[in-house]
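Text of input.txt, listed as compact mmCIF, C-alpha atoms:
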```txt
# COMPACT_ATOMS: atom_id res chain seq x y z
CA MET F 29 -18.28 -5.18 7.29
CA LYS F 30 -15.03 -7.15 7.21
CA GLN F 31 -11.83 -5.47 6.09
CA ILE F 32 -8.85 -7.73 5.42
CA ALA F 33 -5.35 -6.31 4.92
CA ILE F 34 -2.64 -8.24 3.11
CA ILE F 35 0.69 -6.88 4.31
CA SER F 36 4.37 -7.82 4.42
CA GLY F 37 7.34 -6.78 6.49
CA LYS F 38 9.44 -6.34 3.35
CA GLY F 39 8.96 -5.86 -0.37
CA GLY F 40 9.08 -8.65 -2.91
CA THR F 41 7.35 -11.36 -0.89
CA GLY F 42 4.49 -11.79 -3.37
CA LYS F 43 1.87 -9.82 -1.49
CA THR F 44 0.39 -8.07 -4.52
CA VAL F 45 0.36 -11.27 -6.60
CA LEU F 46 -1.66 -12.97 -3.86
CA THR F 47 -3.98 -9.98 -3.47
CA ALA F 48 -4.76 -10.15 -7.19
CA ALA F 49 -5.47 -13.87 -6.81
CA PHE F 50 -7.81 -13.23 -3.88
CA SER F 51 -9.55 -10.57 -5.97
CA ALA F 52 -10.39 -13.26 -8.53
CA LEU F 53 -11.45 -15.89 -5.99
CA ILE F 54 -13.48 -13.87 -3.48
CA LYS F 55 -16.85 -12.60 -4.67
CA ASP F 56 -18.68 -9.44 -3.59
CA LYS F 57 -15.82 -7.29 -2.37
CA VAL F 58 -14.15 -3.94 -2.94
CA VAL F 59 -10.39 -4.02 -3.56
CA VAL F 60 -8.10 -1.20 -2.40
CA ASP F 61 -4.43 -0.74 -3.28
CA CYS F 62 -2.98 1.09 -0.29
CA ASP F 63 0.62 0.85 -1.48
CA VAL F 64 0.29 4.41 -2.77
CA ASP F 65 4.04 5.07 -2.95
CA ALA F 66 4.56 2.23 -5.43
CA ALA F 67 1.12 1.10 -6.58
CA ASP F 68 1.16 -1.87 -8.96
CA LEU F 69 -1.98 -3.92 -8.33
CA HIS F 70 -3.57 -2.16 -11.31
CA LEU F 71 -1.08 -3.96 -13.57
CA LEU F 72 -2.86 -7.23 -12.78
CA LEU F 73 -6.45 -6.03 -12.40
CA HIS F 74 -6.47 -3.84 -15.55
CA PRO F 75 -8.97 -1.29 -14.22
CA THR F 76 -11.18 1.03 -16.22
CA VAL F 77 -10.98 4.38 -14.44
CA LYS F 78 -14.41 5.89 -13.73
CA GLU F 79 -13.38 8.71 -11.41
CA ARG F 80 -10.13 10.65 -11.07
CA HIS F 81 -9.48 13.04 -8.19
CA ALA F 82 -6.56 15.24 -7.14
CA PHE F 83 -5.07 14.61 -3.71
CA GLN F 84 -3.95 17.67 -1.79
CA GLY F 85 -1.27 17.04 0.79
CA GLY F 86 0.42 19.86 2.69
CA GLN F 87 1.45 23.20 1.24
CA LYS F 88 4.26 24.65 -0.86
CA ALA F 89 5.67 28.16 -0.99
CA SER F 90 4.89 30.34 -4.01
CA LEU F 91 6.92 33.47 -4.74
CA ASP F 92 5.36 36.41 -6.58
CA SER F 93 8.23 37.94 -8.59
CA SER F 94 6.31 41.20 -9.06
CA LEU F 95 6.42 41.82 -5.30
CA CYS F 96 9.86 40.36 -4.61
CA GLN F 97 12.57 42.97 -3.91
CA LYS F 98 15.38 40.38 -3.97
CA CYS F 99 16.48 41.04 -0.42
CA GLY F 100 17.44 37.39 -0.01
CA ARG F 101 16.02 36.87 3.50
CA CYS F 102 13.91 33.94 2.38
CA ALA F 103 16.84 32.09 0.82
CA VAL F 104 19.04 32.65 3.89
CA SER F 105 16.29 31.47 6.25
CA CYS F 106 15.36 28.31 4.29
CA ARG F 107 17.20 25.37 5.84
CA PHE F 108 16.03 23.14 2.96
CA HIS F 109 17.71 25.34 0.29
CA ALA F 110 14.42 25.48 -1.61
CA ILE F 111 14.81 29.08 -2.77
CA LYS F 112 17.44 29.68 -5.42
CA ASN F 113 17.76 32.70 -7.71
CA PHE F 114 14.59 34.05 -6.08
CA GLN F 115 12.52 31.08 -7.24
CA VAL F 116 11.00 28.26 -5.17
CA ASP F 117 12.00 24.72 -6.05
CA PRO F 118 8.89 22.65 -5.16
CA ILE F 119 10.97 19.47 -4.85
CA PHE F 120 13.03 20.92 -2.01
CA CYS F 121 10.23 22.93 -0.36
CA GLU F 122 8.94 21.23 2.81
CA GLY F 123 6.05 23.64 3.31
CA CYS F 124 7.18 24.92 6.71
CA GLY F 125 6.14 28.52 5.91
CA LEU F 126 9.19 30.25 7.41
CA CYS F 127 9.98 32.07 4.15
CA LYS F 128 6.53 33.66 4.17
CA HIS F 129 7.05 34.75 7.76
CA VAL F 130 10.42 36.45 7.14
CA CYS F 131 9.54 38.14 3.82
CA PRO F 132 9.01 41.88 4.56
CA PHE F 133 7.27 42.51 1.24
CA GLY F 134 4.57 39.83 1.32
CA ALA F 135 5.93 38.23 -1.84
CA ILE F 136 5.54 34.65 -0.62
CA GLU F 137 2.30 32.78 -0.04
CA MET F 138 1.66 29.19 0.97
CA GLN F 139 -0.53 27.28 -1.46
CA ASP F 140 -2.19 23.88 -1.22
CA ASN F 141 -0.02 21.25 -2.85
CA VAL F 142 -1.38 18.63 -5.26
CA ALA F 143 0.56 15.60 -4.02
CA GLY F 144 -1.02 12.89 -6.14
CA GLU F 145 -4.22 11.38 -7.50
CA TRP F 146 -6.75 8.77 -6.43
CA PHE F 147 -9.07 6.76 -8.63
CA VAL F 148 -12.30 4.79 -8.52
CA SER F 149 -12.29 2.07 -11.17
CA ASP F 150 -14.15 -0.97 -12.41
CA THR F 151 -12.49 -4.32 -13.01
CA LYS F 152 -13.84 -7.70 -14.05
CA TYR F 153 -13.45 -8.65 -10.39
CA GLY F 154 -15.47 -5.72 -9.04
CA PRO F 155 -14.87 -2.16 -7.74
CA PHE F 156 -11.27 -1.06 -7.29
CA VAL F 157 -9.97 2.03 -5.46
CA HIS F 158 -6.35 3.01 -5.98
CA ALA F 159 -4.02 5.99 -5.89
CA LYS F 160 -0.69 7.38 -6.99
CA LEU F 161 1.43 9.58 -4.74
CA GLY F 162 3.68 12.08 -6.49
CA ILE F 163 7.47 11.80 -6.54
CA ALA F 164 9.07 12.90 -3.25
CA GLU F 165 5.66 13.72 -1.76
CA ASP F 166 4.65 12.95 1.80
CA ASN F 167 1.24 12.42 3.49
CA SER F 168 1.03 8.83 2.22
CA GLY F 169 -0.85 7.87 5.38
CA LYS F 170 -3.44 10.57 4.70
CA LEU F 171 -3.90 9.32 1.13
CA VAL F 172 -4.30 5.72 2.35
CA ALA F 173 -6.96 6.86 4.83
CA LYS F 174 -8.77 8.70 2.04
CA ILE F 175 -8.99 5.77 -0.39
CA ARG F 176 -9.98 3.39 2.41
CA GLN F 177 -12.84 5.71 3.31
CA VAL F 178 -13.93 5.86 -0.34
CA ALA F 179 -13.82 2.05 -0.56
CA LYS F 180 -15.97 1.78 2.56
CA GLU F 181 -18.52 4.20 1.11
CA ILE F 182 -18.68 2.17 -2.13
CA ALA F 183 -19.13 -1.04 -0.16
CA GLU F 184 -21.94 0.43 1.94
CA LYS F 185 -23.69 1.90 -1.08
CA ASN F 186 -23.60 -1.43 -2.96
CA HIS F 187 -24.31 -3.61 0.11
CA ILE F 188 -20.89 -5.29 -0.09
CA ASP F 189 -19.68 -6.67 3.21
CA ARG F 190 -16.00 -7.27 2.43
CA ILE F 191 -13.01 -5.05 1.59
CA ILE F 192 -9.63 -6.47 0.54
CA ILE F 193 -6.67 -4.19 1.17
CA ASP F 194 -3.33 -4.57 -0.58
CA GLY F 195 -1.13 -2.88 1.99
CA PRO F 196 2.36 -1.43 1.56
CA PRO F 197 5.45 -3.27 2.83
CA GLY F 198 7.27 -2.36 6.02
CA ILE F 199 6.02 -0.81 9.25
CA GLY F 200 5.75 2.88 8.33
CA CYS F 201 2.90 5.36 8.38
CA PRO F 202 1.01 4.01 5.32
CA VAL F 203 1.08 0.51 6.84
CA MET F 204 -0.43 1.78 10.07
CA ALA F 205 -3.09 3.63 8.05
CA SER F 206 -3.79 0.40 6.15
CA LEU F 207 -4.18 -1.63 9.36
CA SER F 208 -6.32 0.81 11.31
CA GLY F 209 -9.69 -0.76 12.09
CA VAL F 210 -9.30 -3.86 9.91
CA SER F 211 -10.90 -7.16 10.89
CA ARG F 212 -7.74 -9.20 10.33
CA ALA F 213 -4.36 -9.12 8.63
CA LEU F 214 -2.60 -11.66 6.44
CA VAL F 215 1.18 -11.31 6.56
CA VAL F 216 3.09 -12.66 3.56
CA THR F 217 6.73 -13.61 4.07
CA GLU F 218 9.46 -15.60 2.35
CA PRO F 219 11.92 -18.23 3.67
CA THR F 220 14.87 -15.94 4.34
CA VAL F 221 16.44 -14.43 7.44
CA SER F 222 15.18 -10.97 6.46
CA GLY F 223 11.76 -12.48 5.76
CA LEU F 224 11.62 -13.78 9.34
CA HIS F 225 12.91 -10.57 10.86
CA ASP F 226 10.63 -8.21 8.94
CA ALA F 227 7.56 -10.43 9.35
CA GLU F 228 8.12 -10.36 13.09
CA ARG F 229 8.24 -6.55 13.08
CA VAL F 230 5.01 -6.11 11.14
CA ILE F 231 3.23 -8.80 13.19
CA LYS F 232 4.22 -7.04 16.40
CA MET F 233 2.79 -3.82 15.01
CA ALA F 234 -0.48 -5.51 14.02
CA GLN F 235 -0.74 -7.10 17.46
CA HIS F 236 -0.16 -3.69 19.03
CA PHE F 237 -3.38 -2.59 17.31
CA GLN F 238 -5.03 -5.83 18.49
CA THR F 239 -5.49 -7.02 14.91
CA PRO F 240 -5.81 -10.81 14.45
CA VAL F 241 -2.93 -12.03 12.29
CA GLN F 242 -2.10 -15.11 10.25
CA LEU F 243 1.02 -15.83 8.23
CA VAL F 244 1.62 -17.12 4.71
CA ILE F 245 5.05 -18.43 3.71
CA ASN F 246 5.47 -17.85 0.00
CA LYS F 247 8.02 -19.83 -2.06
CA TRP F 248 8.55 -22.02 1.01
CA ASP F 249 10.23 -24.84 -0.94
CA LEU F 250 13.18 -22.67 -1.99
CA ASN F 251 14.49 -23.03 1.56
CA PRO F 252 12.54 -25.74 3.45
CA ALA F 253 14.78 -25.50 6.53
CA MET F 254 14.19 -21.76 6.86
CA SER F 255 10.47 -22.24 6.23
CA GLU F 256 10.33 -24.75 9.06
CA ARG F 257 12.20 -22.34 11.31
CA ILE F 258 9.76 -19.51 10.50
CA GLU F 259 6.75 -21.76 11.02
CA ARG F 260 8.04 -23.03 14.35
CA HIS F 261 9.04 -19.53 15.50
CA PHE F 262 5.62 -17.99 14.93
CA LYS F 263 3.63 -20.95 16.19
CA GLU F 264 5.50 -20.59 19.48
CA LYS F 265 4.34 -16.98 19.53
CA GLY F 266 0.72 -17.97 18.89
CA VAL F 267 0.58 -16.91 15.23
CA ASP F 268 -1.26 -19.36 12.99
CA ILE F 269 0.11 -20.32 9.58
CA ALA F 270 -2.64 -19.77 7.02
CA GLY F 271 -0.74 -21.63 4.31
CA LYS F 272 2.52 -22.31 2.50
CA ILE F 273 2.81 -21.68 -1.23
CA GLY F 274 5.54 -23.31 -3.31
CA PHE F 275 7.70 -21.60 -5.88
CA ASN F 276 6.23 -21.73 -9.38
CA PRO F 277 7.95 -20.33 -12.52
CA GLN F 278 4.50 -19.73 -14.00
CA VAL F 279 4.10 -16.78 -11.62
CA VAL F 280 6.88 -14.93 -13.43
CA ARG F 281 5.40 -15.79 -16.82
CA ALA F 282 1.99 -14.56 -15.67
CA MET F 283 3.44 -11.28 -14.37
CA VAL F 284 5.26 -10.62 -17.64
CA GLN F 285 1.95 -10.99 -19.45
CA GLY F 286 0.07 -8.92 -16.87
CA LYS F 287 -2.17 -11.85 -15.95
CA ASN F 288 -3.69 -12.97 -12.67
CA ILE F 289 -2.02 -16.15 -11.43
CA VAL F 290 -5.42 -17.76 -10.77
CA GLU F 291 -6.17 -17.55 -14.47
CA TYR F 292 -2.68 -18.67 -15.45
CA GLY F 293 -1.21 -20.96 -12.78
CA ASP F 294 -1.37 -24.70 -12.30
CA GLN F 295 -4.02 -26.39 -10.19
CA ALA F 296 -1.72 -27.37 -7.31
CA MET F 297 -0.73 -23.77 -6.65
CA ILE F 298 -4.27 -22.47 -7.05
CA SER F 299 -5.57 -25.05 -4.57
CA GLU F 300 -3.34 -23.66 -1.81
CA ILE F 301 -4.37 -20.09 -2.59
CA VAL F 302 -8.04 -21.15 -2.53
CA LYS F 303 -7.56 -22.59 0.98
CA ILE F 304 -6.19 -19.26 2.17
CA SER F 305 -8.99 -17.33 0.49
CA LEU F 306 -11.55 -19.51 2.31
CA TRP F 307 -9.98 -18.44 5.62
CA MET F 308 -10.34 -14.83 4.53
CA GLN F 309 -14.05 -15.34 3.88
CA GLU F 310 -14.83 -16.77 7.31
```
Before anything else, please render the file you have as structure tokens.
Amino acid sequence: MKQIAIISGKGGTGKTVLTAAFSALIKDKVVVDCDVDAADLHLLLHPTVKERHAFQGGQKASLDSSLCQKCGRCAVSCRFHAIKNFQVDPIFCEGCGLCKHVCPFGAIEMQDNVAGEWFVSDTKYGPFVHAKLGIAEDNSGKLVAKIRQVAKEIAEKNHIDRIIIDGPPGIGCPVMASLSGVSRALVVTEPTVSGLHDAERVIKMAQHFQTPVQLVINKWDLNPAMSERIERHFKEKGVDIAGKIGFNPQVVRAMVQGKNIVEYGDQAMISEIVKISLWMQE
């Protein structure tokens, strides 16, 4: 089974737009949106949710007011200032459990925390697994690992040999969870100084995990000189350029209407995306 991750060193490079396009072009696949902190691929795939599951990540303190004697030890001990007026603020609580340890009356218990949700959906392009992490919640890497495992189980059950992963931007924990064990990674960048810098960081991370990498320069014609610099820089480092996609105002129009660019864009742009998708199917 081949798993292909589309990632970017920074946000706003067009990674999700391209993932949606690949979803339309590549047959027999399962699509996973691993950008659980800011999931938006569903806006272009328009899924019909078939399964909805709670995601439990970490624990939070819970104070039983009937047992609390208002001694204040918990509030004094909490370095996160999560206990105020003898009530626990779940936003501030980090789940360390110290308050439970210092309470002499057993008024505080640690309870499993519902940190988000994950979904199994159908789209006109095939199965889609996605998730939504709650505000200020952690364990994003754990949630990414969970939905990737679900996607793999769906693929095995339906004899599908390809999984397309829309990864989060950057180089943090959810990116590492998105890259773990994938067959190859496609890094999407833009012709800017930050685009070069951040692409280099995420490529180094992928190479650390011995993941084959290729690069796509999106909107290359907005700064041809910088695009040439990026292309030359990565070729010298042995990174192949999978393609260069020009700027097209129709992308914005398609996004406003919630449409896939393959169904909306002009033929010249689609042709370049098709070439990249063929590489992904090798």
_Report as a PyMOL selection string all protein, DNA and RNA residues lying within 12 Å of range 231-242 of chain F, evaluated on only C-alpha atoms, omitting residues in the same chain fewer than 2 positions from it._
chain F and resi 31-38+197-201+203-217+223-229+244-245+259+262-263+265-272+304+307-308
Residues of the last selection are to be written out with C-alpha atoms, as a PDB file, in the coordinates of the input.
```
ATOM      1  CA  GLN F  31     -11.830  -5.470   6.090  1.00  0.00           C
ATOM      2  CA  ILE F  32      -8.850  -7.730   5.420  1.00  0.00           C
ATOM      3  CA  ALA F  33      -5.350  -6.310   4.920  1.00  0.00           C
ATOM      4  CA  ILE F  34      -2.640  -8.240   3.110  1.00  0.00           C
ATOM      5  CA  ILE F  35       0.690  -6.880   4.310  1.00  0.00           C
ATOM      6  CA  SER F  36       4.370  -7.820   4.420  1.00  0.00           C
ATOM      7  CA  GLY F  37       7.340  -6.780   6.490  1.00  0.00           C
ATOM      8  CA  LYS F  38       9.440  -6.340   3.350  1.00  0.00           C
ATOM      9  CA  PRO F 197       5.450  -3.270   2.830  1.00  0.00           C
ATOM     10  CA  GLY F 198       7.270  -2.360   6.020  1.00  0.00           C
ATOM     11  CA  ILE F 199       6.020  -0.810   9.250  1.00  0.00           C
ATOM     12  CA  GLY F 200       5.750   2.880   8.330  1.00  0.00           C
ATOM     13  CA  CYS F 201       2.900   5.360   8.380  1.00  0.00           C
ATOM     14  CA  VAL F 203       1.080   0.510   6.840  1.00  0.00           C
ATOM     15  CA  MET F 204      -0.430   1.780  10.070  1.00  0.00           C
ATOM     16  CA  ALA F 205      -3.090   3.630   8.050  1.00  0.00           C
ATOM     17  CA  SER F 206      -3.790   0.400   6.150  1.00  0.00           C
ATOM     18  CA  LEU F 207      -4.180  -1.630   9.360  1.00  0.00           C
ATOM     19  CA  SER F 208      -6.320   0.810  11.310  1.00  0.00           C
ATOM     20  CA  GLY F 209      -9.690  -0.760  12.090  1.00  0.00           C
ATOM     21  CA  VAL F 210      -9.300  -3.860   9.910  1.00  0.00           C
ATOM     22  CA  SER F 211     -10.900  -7.160  10.890  1.00  0.00           C
ATOM     23  CA  ARG F 212      -7.740  -9.200  10.330  1.00  0.00           C
ATOM     24  CA  ALA F 213      -4.360  -9.120   8.630  1.00  0.00           C
ATOM     25  CA  LEU F 214      -2.600 -11.660   6.440  1.00  0.00           C
ATOM     26  CA  VAL F 215       1.180 -11.310   6.560  1.00  0.00           C
ATOM     27  CA  VAL F 216       3.090 -12.660   3.560  1.00  0.00           C
ATOM     28  CA  THR F 217       6.730 -13.610   4.070  1.00  0.00           C
ATOM     29  CA  GLY F 223      11.760 -12.480   5.760  1.00  0.00           C
ATOM     30  CA  LEU F 224      11.620 -13.780   9.340  1.00  0.00           C
ATOM     31  CA  HIS F 225      12.910 -10.570  10.860  1.00  0.00           C
ATOM     32  CA  ASP F 226      10.630  -8.210   8.940  1.00  0.00           C
ATOM     33  CA  ALA F 227       7.560 -10.430   9.350  1.00  0.00           C
ATOM     34  CA  GLU F 228       8.120 -10.360  13.090  1.00  0.00           C
ATOM     35  CA  ARG F 229       8.240  -6.550  13.080  1.00  0.00           C
ATOM     36  CA  VAL F 244       1.620 -17.120   4.710  1.00  0.00           C
ATOM     37  CA  ILE F 245       5.050 -18.430   3.710  1.00  0.00           C
ATOM     38  CA  GLU F 259       6.750 -21.760  11.020  1.00  0.00           C
ATOM     39  CA  PHE F 262       5.620 -17.990  14.930  1.00  0.00           C
ATOM     40  CA  LYS F 263       3.630 -20.950  16.190  1.00  0.00           C
ATOM     41  CA  LYS F 265       4.340 -16.980  19.530  1.00  0.00           C
ATOM     42  CA  GLY F 266       0.720 -17.970  18.890  1.00  0.00           C
ATOM     43  CA  VAL F 267       0.580 -16.910  15.230  1.00  0.00           C
ATOM     44  CA  ASP F 268      -1.260 -19.360  12.990  1.00  0.00           C
ATOM     45  CA  ILE F 269       0.110 -20.320   9.580  1.00  0.00           C
ATOM     46  CA  ALA F 270      -2.640 -19.770   7.020  1.00  0.00           C
ATOM     47  CA  GLY F 271      -0.740 -21.630   4.310  1.00  0.00           C
ATOM     48  CA  LYS F 272       2.520 -22.310   2.500  1.00  0.00           C
ATOM     49  CA  ILE F 304      -6.190 -19.260   2.170  1.00  0.00           C
ATOM     50  CA  TRP F 307      -9.980 -18.440   5.620  1.00  0.00           C
ATOM     51  CA  MET F 308     -10.340 -14.830   4.530  1.00  0.00           C
TER      52      MET F 308
END
```
*Closest of F:Val279, F:Val45, F:Ala159, F:Cys96 to Phe133 in chain F - atom-to-atom distances counting all atoms listed in the file*: F:Cys96
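Using all atoms listed in the file for every distance, the candidate list F:His70, F:Gly274, F:Pro132, F:Phe120 yields F:Pro132 as the residue closest to Cys99 in chain F.
Distances to Asn246 in chain F were evaluated for F:Gln139, F:Gln285, F:Gln177, F:Thr44 using all atoms listed in the file, and the minimum falls at F:Thr44.
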*asked:* Residues within 8 Å of range 142-153 of chain F, please, as number ranges by chain. Count only C-alpha atoms; anything in the same chain fewer than 3 positions from it doesn't count.
replied: F: 51-52, 55, 73-86, 156-162, 165-166, 175
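One distance worth recording is that between CA of Ile136 in chain F and CA of Val104 in chain F, which is 14.4 Å.
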*Which value, in Å to one decimal, gives the distance between CA of Ile273 in chain F and CA of Arg190 in chain F?*
24.0 Å
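The gap separating CA of Gly100 in chain F from CA of Lys112 in chain F is 9.4 Å, in Å to one decimal.
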*Selection near range 56-63 of chain F, 7 Å with all atoms listed in the file, sequence-local residues under 6 positions removed, as number ranges by chain*: F: 69, 154-158, 172, 176, 179, 183, 188-196, 206
*May I ask which of the residues F:Glu218, F:Glu264, F:Glu137, F:Glu184 is the closest one to Cys102 in chain F, counting only C-alpha atoms?*
F:Glu137
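Minimum atom-to-atom distance to Gly39 in chain F, evaluated using all atoms listed in the file, belongs to F:Ser222 out of F:Ala110, F:Asp117, F:Asp92, F:Ser222.
If you measure from each of F:Arg257, F:Ser105, F:Asp140, F:Gln87 to Cys124 in chain F using all atoms listed in the file, the closest one turns out to be F:Gln87.
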